[in-house]
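Colleague: Sharing a structure, written as structure tokens. Questions coming.
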Amino acid sequence: MIQGEEIQRIGVLTSGGDAPGMNAAIRAVVRSCIYFGKEAVGIFRGYDGLISGDMKNLDSRSVSNIIQRGGTILKSARSAEFRTVEGRQKAYENILKFGIQGLVVIGGDGTFRGAGIFSEEYGIPVIGIPGTIDNDLNGTDYTIGYDTAVNTAAQAIDKVRDTASSHNRLFFIEVMGRDSGQIALRSSIAAGAEATIIPEKPMGVDELVRILEKGAGRKKSSSLVVVAEGGKPGHSIDLAREVNERFSYYDTKVTILGHLLRGGSPSVADRVLASRLGVVAVESLLNNKSAVMIGVVNNQINFTPFAQATSNVDNFEQELLRIANILSV
Ligand code: F6P
């Protein structure tokens with residue numbers, strides 16, 4: 001493994017689902033490279049760009065005026081080819097060809113699994129920055145994009161509430177999160193929804209109907225149920241139908257927020273988190289760290305080995321579940 005002080009050129013890429021704040025992280029990585037007298041190489045479309053050699057030198061101006069922009073100027077992808085030995089071999093050939101001596105990868109669990117294998121196979125130092133709206137990684141309180149996605153979801157649910165209360169309707173609002181219910185839980189509390197359906201604490205249709213009947217019994221003219229996609233995008237349509245078969249007190253509608261939650265200008269929290277992690281990622285490479293994800297826990301920088309960050313993720317906020325149950329009476 002190359003020594004940190006020998007690293008002169010650092011590659012940066014974004015991988016997996018894009019997340020608001022990724023551009024702020026890219027900007028921090030590039031400007032930190034320049035600050036420490038190093039060169040930054042932007043790799044496009046995640047690992048696919050590393051395999052195809054789709055990359056270019058970045059300077060301070062390359063990352064001007066992007067901190068406030070959603071998405072990622074480097075684009076992103078989910079690379080099936082990088083999961084193959086041949087694909088990673090091609091990637092390494094480009095690492096040598098472009099003279100890259102260290103990598104910063106911004107993404108989620110799939111990104112770090114691939115990075116861990118690649119670093120192990122070729123001895124290339126790699127640092128991970130958690131960039132995903134799902135907040136489904138060990139070793140950090142929040143992933144970049146999560147705060148923005150929760151705010152986007154809560155604001156959308158507020159809007160749905162306006163029309164639900166105007167028409168005495170029951171709305172099921174489905175949010176992203178893959179297998180994590182964290183976006184659903186936090187946005188549901190923030191928007192004052194009557195119930196929250198999350199994979200971490202399954203709720204049967206009968207129990208949900210009981211909650212809704214109780215509200216109707218207290219003359220609630222409308223109700224909102226926030227549903228985590230739970231790895232089954234669109235399943236809230238079936239849930240709404242099942243509930244409506246048992247409980248037709250309200251006119252029932254479904255709104256699926258989907259990829260809306262991936263867009264938008266990053267919140268201040270995400271911009272600052274991304275800036276912190278981008279700087280520390282470059283410093284970590286120069287200080288001989290590798291195969292770790294950088295996070296923030298209780299506002300302190302935290303390093304977690306890739307394997308630990310991505311396996312048996314257990315960062316669900318049980319306390320928020322207790323709060324949601326009490327406040328939805
Ligand atoms: O991992 C981020 C995420 O937005 C998940 O919440 C969602 O289930 C998935 O990506 C959607 O993937 P795609 O953008 O490939 O449809």
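If you're wondering about the labels, chains in the structure tokens are A, B, ... by order shown, residues count from 1 in each chain, ligands from 1 in order shown.
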DSSP on the backbone: what in segment 125-242 of chain A comes out strand (DSSP E or B), as an MDAnalysis selection string?
Modeller: chainID A and resid 126:131 144 169:175 195:198 201 223:228
Colleague: If we count only C-alpha atoms and set the cut-off at 12 Å, which residues sit around Ile183 of chain A, ignoring sequence neighbours fewer than 5 positions away in its own chain? Please answer as an mmCIF file with all heavy atoms, in the first residue's frame.
Modeller:
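Saved result, around_32.cif, follows:
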data_model
loop_
_atom_site.group_PDB
_atom_site.id
_atom_site.type_symbol
_atom_site.label_atom_id
_atom_site.label_comp_id
_atom_site.auth_asym_id
_atom_site.auth_seq_id
_atom_site.Cartn_x
_atom_site.Cartn_y
_atom_site.Cartn_z
ATOM 1 N N THR A 132 -26.007 8.830 0.787
ATOM 2 C CA THR A 132 -27.244 8.129 0.416
ATOM 3 C C THR A 132 -28.379 8.722 1.245
ATOM 4 O O THR A 132 -28.178 9.061 2.410
ATOM 5 C CB THR A 132 -27.172 6.609 0.683
ATOM 6 O OG1 THR A 132 -28.482 6.033 0.527
ATOM 7 C CG2 THR A 132 -26.656 6.290 2.085
ATOM 8 N N ILE A 133 -29.550 8.832 0.641
ATOM 9 C CA ILE A 133 -30.677 9.413 1.418
ATOM 10 C C ILE A 133 -31.191 8.421 2.456
ATOM 11 O O ILE A 133 -31.911 8.789 3.376
ATOM 12 C CB ILE A 133 -31.840 9.848 0.492
ATOM 13 C CG1 ILE A 133 -32.471 8.630 -0.206
ATOM 14 C CG2 ILE A 133 -31.402 10.917 -0.489
ATOM 15 C CD1 ILE A 133 -33.773 8.946 -0.941
ATOM 16 N N ASP A 134 -30.817 7.135 2.324
ATOM 17 C CA ASP A 134 -31.412 6.089 3.169
ATOM 18 C C ASP A 134 -30.968 6.107 4.621
ATOM 19 O O ASP A 134 -31.650 5.540 5.479
ATOM 20 C CB ASP A 134 -31.084 4.702 2.589
ATOM 21 C CG ASP A 134 -31.619 4.537 1.186
ATOM 22 O OD1 ASP A 134 -32.495 5.322 0.783
ATOM 23 O OD2 ASP A 134 -31.125 3.628 0.477
ATOM 24 N N ASN A 135 -29.821 6.674 4.923
ATOM 25 C CA ASN A 135 -29.266 6.689 6.291
ATOM 26 C C ASN A 135 -29.166 5.273 6.857
ATOM 27 O O ASN A 135 -29.471 5.030 8.019
ATOM 28 C CB ASN A 135 -30.130 7.553 7.227
ATOM 29 C CG ASN A 135 -29.317 8.012 8.423
ATOM 30 O OD1 ASN A 135 -28.156 8.402 8.289
ATOM 31 N ND2 ASN A 135 -29.906 7.945 9.613
ATOM 32 N N ASP A 136 -28.716 4.366 6.029
ATOM 33 C CA ASP A 136 -28.709 2.936 6.420
ATOM 34 C C ASP A 136 -27.295 2.384 6.510
ATOM 35 O O ASP A 136 -26.962 1.357 5.904
ATOM 36 C CB ASP A 136 -29.528 2.115 5.414
ATOM 37 C CG ASP A 136 -28.998 2.273 3.987
ATOM 38 O OD1 ASP A 136 -28.119 3.124 3.753
ATOM 39 O OD2 ASP A 136 -29.479 1.516 3.109
ATOM 40 N N TYR A 142 -25.769 10.374 10.634
ATOM 41 C CA TYR A 142 -26.521 10.725 9.421
ATOM 42 C C TYR A 142 -25.667 10.546 8.186
ATOM 43 O O TYR A 142 -24.464 10.833 8.202
ATOM 44 C CB TYR A 142 -27.001 12.194 9.495
ATOM 45 C CG TYR A 142 -27.860 12.469 10.706
ATOM 46 C CD1 TYR A 142 -27.419 13.323 11.707
ATOM 47 C CD2 TYR A 142 -29.089 11.825 10.864
ATOM 48 C CE1 TYR A 142 -28.188 13.554 12.840
ATOM 49 C CE2 TYR A 142 -29.874 12.048 11.997
ATOM 50 C CZ TYR A 142 -29.413 12.902 12.981
ATOM 51 O OH TYR A 142 -30.174 13.110 14.101
ATOM 52 N N THR A 143 -26.252 10.091 7.114
ATOM 53 C CA THR A 143 -25.580 10.037 5.814
ATOM 54 C C THR A 143 -25.925 11.312 5.054
ATOM 55 O O THR A 143 -26.985 11.928 5.279
ATOM 56 C CB THR A 143 -26.068 8.816 5.011
ATOM 57 O OG1 THR A 143 -27.499 8.869 4.900
ATOM 58 C CG2 THR A 143 -25.674 7.512 5.679
ATOM 59 N N GLY A 145 -27.446 13.562 2.521
ATOM 60 C CA GLY A 145 -28.673 13.461 1.714
ATOM 61 C C GLY A 145 -29.891 13.140 2.547
ATOM 62 O O GLY A 145 -31.024 13.468 2.165
ATOM 63 N N TYR A 146 -29.669 12.504 3.691
ATOM 64 C CA TYR A 146 -30.801 12.076 4.534
ATOM 65 C C TYR A 146 -31.583 13.280 5.049
ATOM 66 O O TYR A 146 -32.816 13.338 4.916
ATOM 67 C CB TYR A 146 -30.263 11.248 5.706
ATOM 68 C CG TYR A 146 -31.278 10.894 6.760
ATOM 69 C CD1 TYR A 146 -32.367 10.081 6.453
ATOM 70 C CD2 TYR A 146 -31.162 11.363 8.066
ATOM 71 C CE1 TYR A 146 -33.300 9.736 7.419
ATOM 72 C CE2 TYR A 146 -32.099 11.041 9.036
ATOM 73 C CZ TYR A 146 -33.149 10.219 8.712
ATOM 74 O OH TYR A 146 -34.079 9.892 9.678
ATOM 75 N N ASP A 147 -30.880 14.276 5.591
ATOM 76 C CA ASP A 147 -31.596 15.431 6.161
ATOM 77 C C ASP A 147 -32.422 16.142 5.087
ATOM 78 O O ASP A 147 -33.584 16.501 5.316
ATOM 79 C CB ASP A 147 -30.580 16.416 6.777
ATOM 80 C CG ASP A 147 -31.261 17.622 7.412
ATOM 81 O OD1 ASP A 147 -31.994 17.433 8.402
ATOM 82 O OD2 ASP A 147 -31.109 18.725 6.868
ATOM 83 N N THR A 148 -31.839 16.296 3.904
ATOM 84 C CA THR A 148 -32.570 16.965 2.816
ATOM 85 C C THR A 148 -33.790 16.141 2.414
ATOM 86 O O THR A 148 -34.893 16.671 2.245
ATOM 87 C CB THR A 148 -31.654 17.182 1.601
ATOM 88 O OG1 THR A 148 -30.494 17.916 2.004
ATOM 89 C CG2 THR A 148 -32.378 17.933 0.483
ATOM 90 N N ALA A 149 -33.611 14.822 2.311
ATOM 91 C CA ALA A 149 -34.729 13.957 1.907
ATOM 92 C C ALA A 149 -35.854 13.996 2.934
ATOM 93 O O ALA A 149 -37.043 14.052 2.576
ATOM 94 C CB ALA A 149 -34.237 12.521 1.726
ATOM 95 N N VAL A 150 -35.514 14.014 4.219
ATOM 96 C CA VAL A 150 -36.548 14.072 5.257
ATOM 97 C C VAL A 150 -37.308 15.388 5.170
ATOM 98 O O VAL A 150 -38.537 15.446 5.262
ATOM 99 C CB VAL A 150 -35.927 13.890 6.660
ATOM 100 C CG1 VAL A 150 -36.948 14.192 7.763
ATOM 101 C CG2 VAL A 150 -35.384 12.483 6.822
ATOM 102 N N ASN A 151 -36.565 16.479 4.940
ATOM 103 C CA ASN A 151 -37.226 17.791 4.799
ATOM 104 C C ASN A 151 -38.123 17.827 3.569
ATOM 105 O O ASN A 151 -39.253 18.323 3.631
ATOM 106 C CB ASN A 151 -36.166 18.899 4.719
ATOM 107 C CG ASN A 151 -35.681 19.320 6.107
ATOM 108 O OD1 ASN A 151 -36.362 20.023 6.831
ATOM 109 N ND2 ASN A 151 -34.512 18.827 6.501
ATOM 110 N N THR A 152 -37.640 17.257 2.477
ATOM 111 C CA THR A 152 -38.462 17.221 1.260
ATOM 112 C C THR A 152 -39.728 16.415 1.501
ATOM 113 O O THR A 152 -40.833 16.822 1.123
ATOM 114 C CB THR A 152 -37.651 16.603 0.107
ATOM 115 O OG1 THR A 152 -36.467 17.378 -0.112
ATOM 116 C CG2 THR A 152 -38.468 16.545 -1.182
ATOM 117 N N ALA A 153 -39.564 15.274 2.190
ATOM 118 C CA ALA A 153 -40.724 14.424 2.469
ATOM 119 C C ALA A 153 -41.718 15.147 3.377
ATOM 120 O O ALA A 153 -42.926 15.172 3.104
ATOM 121 C CB ALA A 153 -40.270 13.121 3.138
ATOM 122 N N ALA A 154 -41.223 15.776 4.434
ATOM 123 C CA ALA A 154 -42.119 16.451 5.384
ATOM 124 C C ALA A 154 -42.870 17.586 4.694
ATOM 125 O O ALA A 154 -44.085 17.766 4.894
ATOM 126 C CB ALA A 154 -41.318 16.985 6.572
ATOM 127 N N ILE A 173 -48.958 8.077 2.014
ATOM 128 C CA ILE A 173 -47.836 8.732 1.340
ATOM 129 C C ILE A 173 -46.606 7.840 1.482
ATOM 130 O O ILE A 173 -46.108 7.599 2.589
ATOM 131 C CB ILE A 173 -47.545 10.113 1.960
ATOM 132 C CG1 ILE A 173 -48.810 10.992 1.892
ATOM 133 C CG2 ILE A 173 -46.396 10.793 1.221
ATOM 134 C CD1 ILE A 173 -49.273 11.447 3.242
ATOM 135 N N GLU A 174 -46.164 7.332 0.350
ATOM 136 C CA GLU A 174 -45.018 6.394 0.365
ATOM 137 C C GLU A 174 -43.707 7.140 0.117
ATOM 138 O O GLU A 174 -43.625 7.996 -0.765
ATOM 139 C CB GLU A 174 -45.204 5.311 -0.702
ATOM 140 C CG GLU A 174 -44.098 4.253 -0.697
ATOM 141 C CD GLU A 174 -44.307 3.178 -1.759
ATOM 142 O OE1 GLU A 174 -45.368 2.518 -1.753
ATOM 143 O OE2 GLU A 174 -43.416 3.005 -2.613
ATOM 144 N N VAL A 175 -42.701 6.818 0.913
ATOM 145 C CA VAL A 175 -41.377 7.452 0.773
ATOM 146 C C VAL A 175 -40.305 6.393 0.525
ATOM 147 O O VAL A 175 -40.475 5.227 0.869
ATOM 148 C CB VAL A 175 -41.007 8.273 2.029
ATOM 149 C CG1 VAL A 175 -42.015 9.390 2.276
ATOM 150 C CG2 VAL A 175 -40.876 7.373 3.255
ATOM 151 N N MET A 176 -39.197 6.843 -0.058
ATOM 152 C CA MET A 176 -38.064 5.964 -0.326
ATOM 153 C C MET A 176 -37.319 5.625 0.966
ATOM 154 O O MET A 176 -37.732 6.021 2.052
ATOM 155 C CB MET A 176 -37.095 6.661 -1.289
ATOM 156 C CG MET A 176 -37.446 6.516 -2.744
ATOM 157 S SD MET A 176 -36.092 7.180 -3.732
ATOM 158 C CE MET A 176 -36.513 6.491 -5.334
ATOM 159 N N GLY A 177 -36.238 4.866 0.816
ATOM 160 C CA GLY A 177 -35.438 4.480 1.973
ATOM 161 C C GLY A 177 -34.900 3.074 1.846
ATOM 162 O O GLY A 177 -34.235 2.562 2.723
ATOM 163 N N ARG A 178 -35.235 2.436 0.691
ATOM 164 C CA ARG A 178 -34.861 1.037 0.447
ATOM 165 C C ARG A 178 -35.412 0.196 1.595
ATOM 166 O O ARG A 178 -36.634 0.190 1.788
ATOM 167 C CB ARG A 178 -33.353 0.873 0.265
ATOM 168 C CG ARG A 178 -32.991 -0.461 -0.433
ATOM 169 C CD ARG A 178 -31.507 -0.623 -0.637
ATOM 170 N NE ARG A 178 -30.979 0.355 -1.575
ATOM 171 C CZ ARG A 178 -31.089 0.233 -2.895
ATOM 172 N NH1 ARG A 178 -31.734 -0.780 -3.402
ATOM 173 N NH2 ARG A 178 -30.560 1.140 -3.692
ATOM 174 N N SER A 188 -42.692 11.545 9.173
ATOM 175 C CA SER A 188 -44.034 11.340 9.720
ATOM 176 C C SER A 188 -44.220 12.125 11.016
ATOM 177 O O SER A 188 -45.248 12.798 11.226
ATOM 178 C CB SER A 188 -44.263 9.849 9.988
ATOM 179 O OG SER A 188 -45.539 9.629 10.531
ATOM 180 N N ILE A 189 -43.207 12.082 11.872
ATOM 181 C CA ILE A 189 -43.279 12.860 13.130
ATOM 182 C C ILE A 189 -43.331 14.346 12.811
ATOM 183 O O ILE A 189 -44.156 15.094 13.335
ATOM 184 C CB ILE A 189 -42.058 12.560 14.021
ATOM 185 C CG1 ILE A 189 -42.127 11.133 14.564
ATOM 186 C CG2 ILE A 189 -41.968 13.567 15.180
ATOM 187 C CD1 ILE A 189 -40.877 10.704 15.320
ATOM 188 N N ALA A 190 -42.454 14.761 11.875
ATOM 189 C CA ALA A 190 -42.372 16.196 11.546
ATOM 190 C C ALA A 190 -43.669 16.713 10.946
ATOM 191 O O ALA A 190 -44.047 17.874 11.162
ATOM 192 C CB ALA A 190 -41.216 16.432 10.575
ATOM 193 N N ALA A 191 -44.365 15.858 10.208
ATOM 194 C CA ALA A 191 -45.590 16.310 9.520
ATOM 195 C C ALA A 191 -46.855 15.936 10.302
ATOM 196 O O ALA A 191 -47.969 16.218 9.859
ATOM 197 C CB ALA A 191 -45.639 15.707 8.119
ATOM 198 N N THR A 196 -47.478 5.478 10.930
ATOM 199 C CA THR A 196 -46.250 5.288 10.157
ATOM 200 C C THR A 196 -46.016 3.798 9.966
ATOM 201 O O THR A 196 -46.051 3.040 10.946
ATOM 202 C CB THR A 196 -45.031 5.879 10.903
ATOM 203 O OG1 THR A 196 -45.356 7.179 11.406
ATOM 204 C CG2 THR A 196 -43.824 5.977 9.977
ATOM 205 N N ILE A 197 -45.824 3.398 8.726
ATOM 206 C CA ILE A 197 -45.597 1.979 8.406
ATOM 207 C C ILE A 197 -44.133 1.815 8.003
ATOM 208 O O ILE A 197 -43.705 2.371 6.976
ATOM 209 C CB ILE A 197 -46.499 1.516 7.245
ATOM 210 C CG1 ILE A 197 -47.968 1.872 7.521
ATOM 211 C CG2 ILE A 197 -46.320 0.022 6.992
ATOM 212 C CD1 ILE A 197 -48.578 1.138 8.698
ATOM 213 N N ILE A 198 -43.372 1.094 8.822
ATOM 214 C CA ILE A 198 -41.934 0.933 8.566
ATOM 215 C C ILE A 198 -41.523 -0.521 8.719
ATOM 216 O O ILE A 198 -42.115 -1.255 9.538
ATOM 217 C CB ILE A 198 -41.097 1.805 9.534
ATOM 218 C CG1 ILE A 198 -41.493 1.525 10.994
ATOM 219 C CG2 ILE A 198 -41.231 3.278 9.196
ATOM 220 C CD1 ILE A 198 -40.669 2.278 12.006
ATOM 221 N N PRO A 199 -40.501 -0.966 7.977
ATOM 222 C CA PRO A 199 -40.108 -2.384 8.061
ATOM 223 C C PRO A 199 -39.555 -2.761 9.440
ATOM 224 O O PRO A 199 -39.648 -3.907 9.853
ATOM 225 C CB PRO A 199 -39.037 -2.522 6.977
ATOM 226 C CG PRO A 199 -38.666 -1.155 6.551
ATOM 227 C CD PRO A 199 -39.743 -0.237 6.957
ATOM 228 N N VAL A 226 -47.936 7.588 6.668
ATOM 229 C CA VAL A 226 -46.662 7.607 5.941
ATOM 230 C C VAL A 226 -46.140 6.177 5.877
ATOM 231 O O VAL A 226 -46.086 5.486 6.895
ATOM 232 C CB VAL A 226 -45.643 8.528 6.639
ATOM 233 C CG1 VAL A 226 -44.295 8.501 5.906
ATOM 234 C CG2 VAL A 226 -46.178 9.971 6.679
ATOM 235 N N VAL A 227 -45.791 5.753 4.644
ATOM 236 C CA VAL A 227 -45.401 4.360 4.416
ATOM 237 C C VAL A 227 -43.980 4.293 3.856
ATOM 238 O O VAL A 227 -43.702 4.906 2.804
ATOM 239 C CB VAL A 227 -46.378 3.687 3.420
ATOM 240 C CG1 VAL A 227 -46.046 2.206 3.252
ATOM 241 C CG2 VAL A 227 -47.830 3.868 3.876
ATOM 242 N N ALA A 228 -43.096 3.600 4.516
ATOM 243 C CA ALA A 228 -41.752 3.371 3.963
ATOM 244 C C ALA A 228 -41.863 2.336 2.847
ATOM 245 O O ALA A 228 -42.622 1.364 2.978
ATOM 246 C CB ALA A 228 -40.812 2.866 5.053
ATOM 247 N N GLU A 229 -41.139 2.557 1.753
ATOM 248 C CA GLU A 229 -41.241 1.594 0.642
ATOM 249 C C GLU A 229 -40.804 0.194 1.082
ATOM 250 O O GLU A 229 -41.280 -0.818 0.558
ATOM 251 C CB GLU A 229 -40.428 2.071 -0.558
ATOM 252 C CG GLU A 229 -38.942 2.141 -0.302
ATOM 253 C CD GLU A 229 -38.145 2.554 -1.523
ATOM 254 O OE1 GLU A 229 -38.713 2.641 -2.621
ATOM 255 O OE2 GLU A 229 -36.931 2.786 -1.377
ATOM 256 N N GLY A 230 -39.876 0.124 2.034
ATOM 257 C CA GLY A 230 -39.497 -1.171 2.612
ATOM 258 C C GLY A 230 -39.028 -2.171 1.578
ATOM 259 O O GLY A 230 -39.361 -3.360 1.635
ATOM 260 N N LEU A 257 -43.949 9.412 -3.275
ATOM 261 C CA LEU A 257 -42.989 10.504 -3.468
ATOM 262 C C LEU A 257 -41.788 10.065 -4.301
ATOM 263 O O LEU A 257 -41.232 10.864 -5.060
ATOM 264 C CB LEU A 257 -42.529 11.056 -2.122
ATOM 265 C CG LEU A 257 -43.646 11.673 -1.266
ATOM 266 C CD1 LEU A 257 -43.073 12.226 0.036
ATOM 267 C CD2 LEU A 257 -44.389 12.763 -2.026
ATOM 268 N N GLY A 258 -41.397 8.819 -4.179
ATOM 269 C CA GLY A 258 -40.352 8.264 -5.051
ATOM 270 C C GLY A 258 -39.101 9.122 -5.171
ATOM 271 O O GLY A 258 -38.591 9.662 -4.202
ATOM 272 N N LEU A 261 -37.579 12.543 -3.660
ATOM 273 C CA LEU A 261 -36.778 12.649 -2.437
ATOM 274 C C LEU A 261 -35.276 12.641 -2.707
ATOM 275 O O LEU A 261 -34.478 12.915 -1.824
ATOM 276 C CB LEU A 261 -37.143 11.499 -1.483
ATOM 277 C CG LEU A 261 -38.611 11.470 -1.046
ATOM 278 C CD1 LEU A 261 -38.861 10.334 -0.072
ATOM 279 C CD2 LEU A 261 -39.023 12.796 -0.428
ATOM 280 N N ARG A 262 -34.878 12.352 -3.908
ATOM 281 C CA ARG A 262 -33.443 12.330 -4.233
ATOM 282 C C ARG A 262 -32.959 13.698 -4.723
ATOM 283 O O ARG A 262 -31.758 13.952 -4.793
ATOM 284 C CB ARG A 262 -33.198 11.288 -5.313
ATOM 285 C CG ARG A 262 -33.402 9.868 -4.820
ATOM 286 C CD ARG A 262 -32.094 9.185 -4.614
ATOM 287 N NE ARG A 262 -31.492 8.881 -5.905
ATOM 288 C CZ ARG A 262 -31.699 7.734 -6.556
ATOM 289 N NH1 ARG A 262 -32.462 6.791 -6.025
ATOM 290 N NH2 ARG A 262 -31.131 7.518 -7.718
ATOM 291 N N PHE A 316 -31.266 2.250 13.892
ATOM 292 C CA PHE A 316 -32.644 2.745 13.934
ATOM 293 C C PHE A 316 -32.929 3.460 15.243
ATOM 294 O O PHE A 316 -32.502 3.020 16.306
ATOM 295 C CB PHE A 316 -33.618 1.569 13.766
ATOM 296 C CG PHE A 316 -35.045 1.997 13.656
ATOM 297 C CD1 PHE A 316 -35.486 2.662 12.518
ATOM 298 C CD2 PHE A 316 -35.947 1.779 14.692
ATOM 299 C CE1 PHE A 316 -36.803 3.076 12.411
ATOM 300 C CE2 PHE A 316 -37.257 2.206 14.583
ATOM 301 C CZ PHE A 316 -37.697 2.852 13.447
ATOM 302 N N GLU A 317 -33.645 4.583 15.132
ATOM 303 C CA GLU A 317 -33.891 5.397 16.342
ATOM 304 C C GLU A 317 -35.173 4.945 17.037
ATOM 305 O O GLU A 317 -36.263 5.466 16.785
ATOM 306 C CB GLU A 317 -33.976 6.881 15.947
ATOM 307 C CG GLU A 317 -32.660 7.426 15.386
ATOM 308 C CD GLU A 317 -32.775 8.874 14.948
ATOM 309 O OE1 GLU A 317 -33.220 9.129 13.828
ATOM 310 O OE2 GLU A 317 -32.417 9.753 15.760
ATOM 311 N N LEU A 320 -37.509 7.489 18.588
ATOM 312 C CA LEU A 320 -38.436 8.244 17.722
ATOM 313 C C LEU A 320 -39.708 7.450 17.481
ATOM 314 O O LEU A 320 -40.796 8.008 17.340
ATOM 315 C CB LEU A 320 -37.755 8.575 16.386
ATOM 316 C CG LEU A 320 -36.676 9.649 16.413
ATOM 317 C CD1 LEU A 320 -36.273 10.006 14.981
ATOM 318 C CD2 LEU A 320 -37.144 10.901 17.153
#
Colleague: Name the closest residue to ligand 1 among the candidates A:Gly17, A:Gly87, A:Gly128, A:Gly11; distances are taken between atoms, counting only C-alpha atoms and all ligand atoms.
Modeller: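 Among the listed residues, the smallest separation from ligand 1 belongs to A:Gly17.
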Colleague: Quick one: of A:Gly110, A:Gly4, A:Gly192, A:Gly116, who's nearest to ligand 1, counting only C-alpha atoms and all ligand atoms?
Modeller: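 Ranking A:Gly110, A:Gly4, A:Gly192, A:Gly116 by distance to ligand 1, first place goes to A:Gly110.
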Colleague: From the options A:Asn315, A:Ser165, A:Asn65, A:Asn287, which residue's atoms come nearest to Ser180 of chain A, counting only C-alpha atoms?
Modeller: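 Of A:Asn315, A:Ser165, A:Asn65, A:Asn287, the one nearest Ser180 of chain A is A:Asn315, counting only C-alpha atoms.
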Colleague: Need the shell around Ala25 of chain A: protein/DNA/RNA residues with any atom at most 8 Å away, counting only C-alpha atoms. Skip same-chain ones fewer than 4 positions apart. Format as number ranges by chain?
Modeller: A: 21, 29, 106, 271, 274-275, 277-278
Colleague: Can I get the residues of segment 67-107 of chain A within 6 Å of segment 35-55 of chain A, each with the closest pair of atoms and their distance in Å to one decimal, using only C-alpha atoms, sorted chain first then ascending number, as a Markdown table?
Modeller:
| residue | atom | partner | partner_atom | distance |
| --- | --- | --- | --- | --- |
| A:Leu74 | CA | A:Phe44 | CA | 4.7 |
| A:Lys75 | CA | A:Arg45 | CA | 4.8 |
| A:Ser76 | CA | A:Arg45 | CA | 4.1 |
| A:Ala77 | CA | A:Arg45 | CA | 5.1 |
| A:Ser79 | CA | A:Asp48 | CA | 5.6 |
| A:Lys90 | CA | A:Ile51 | CA | 5.3 |
| A:Ala91 | CA | A:Ile51 | CA | 4.2 |
| A:Asn94 | CA | A:Gly53 | CA | 5.9 |
Colleague: If we count only C-alpha atoms and set the cut-off at 8 Å, which residues sit around Pro130 of chain A, ignoring sequence neighbours fewer than 4 positions away in its own chain? Please answer as a PyMOL selection string.
Modeller: chain A and resi 106-108+137+143-144+293-295
Colleague: Rank A:Leu224, A:Lys214, A:Gln101, A:Gln318 by their smallest atom-to-atom distance to Gln182 of chain A, using only C-alpha atoms, and report the top residue only.
Modeller: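 Ranked by minimum distance to Gln182 of chain A, first place goes to A:Gln318.
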Colleague: Which residue gives the smallest distance to Gly204 of chain A among A:Val243, A:Ile10, A:Leu260, A:Ala307, with only C-alpha atoms counted?
Modeller: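 For Gly204 of chain A, the nearest of the given residues is A:Val243.
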Colleague: My list of candidates is A:Pro20, A:Arg113, A:Gly231, A:Thr72. Which is closest to ligand 1 when distances are computed with only C-alpha atoms and all ligand atoms?
Modeller: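 Closest to ligand 1, using only C-alpha atoms and all ligand atoms: A:Gly231.
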Colleague: So how far away is atom CA of Ser221 of chain A from atom CA of Ser166 of chain A, in Å?
Modeller: 8.8 Å
Colleague: Atom CA of Ala216 of chain A and atom CA of Asn325 of chain A are how many Å apart?
Modeller: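 Separation between atom CA of Ala216 of chain A and atom CA of Asn325 of chain A: 17.2 Å.
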Colleague: Considering only C-alpha atoms, return as a list in words whatever protein or nucleic-acid residues lie within 7 Å of segment 102-104 of chain A, sequence-local ones (same chain, fewer than 4 positions apart) excluded.
Modeller: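 The filter keeps Ile7, Arg9, Ile10, Gly11, Val12, Leu13, Ile124, Pro125, Val126, Ile127, Gly128, Ala281 and Leu285 of chain A.
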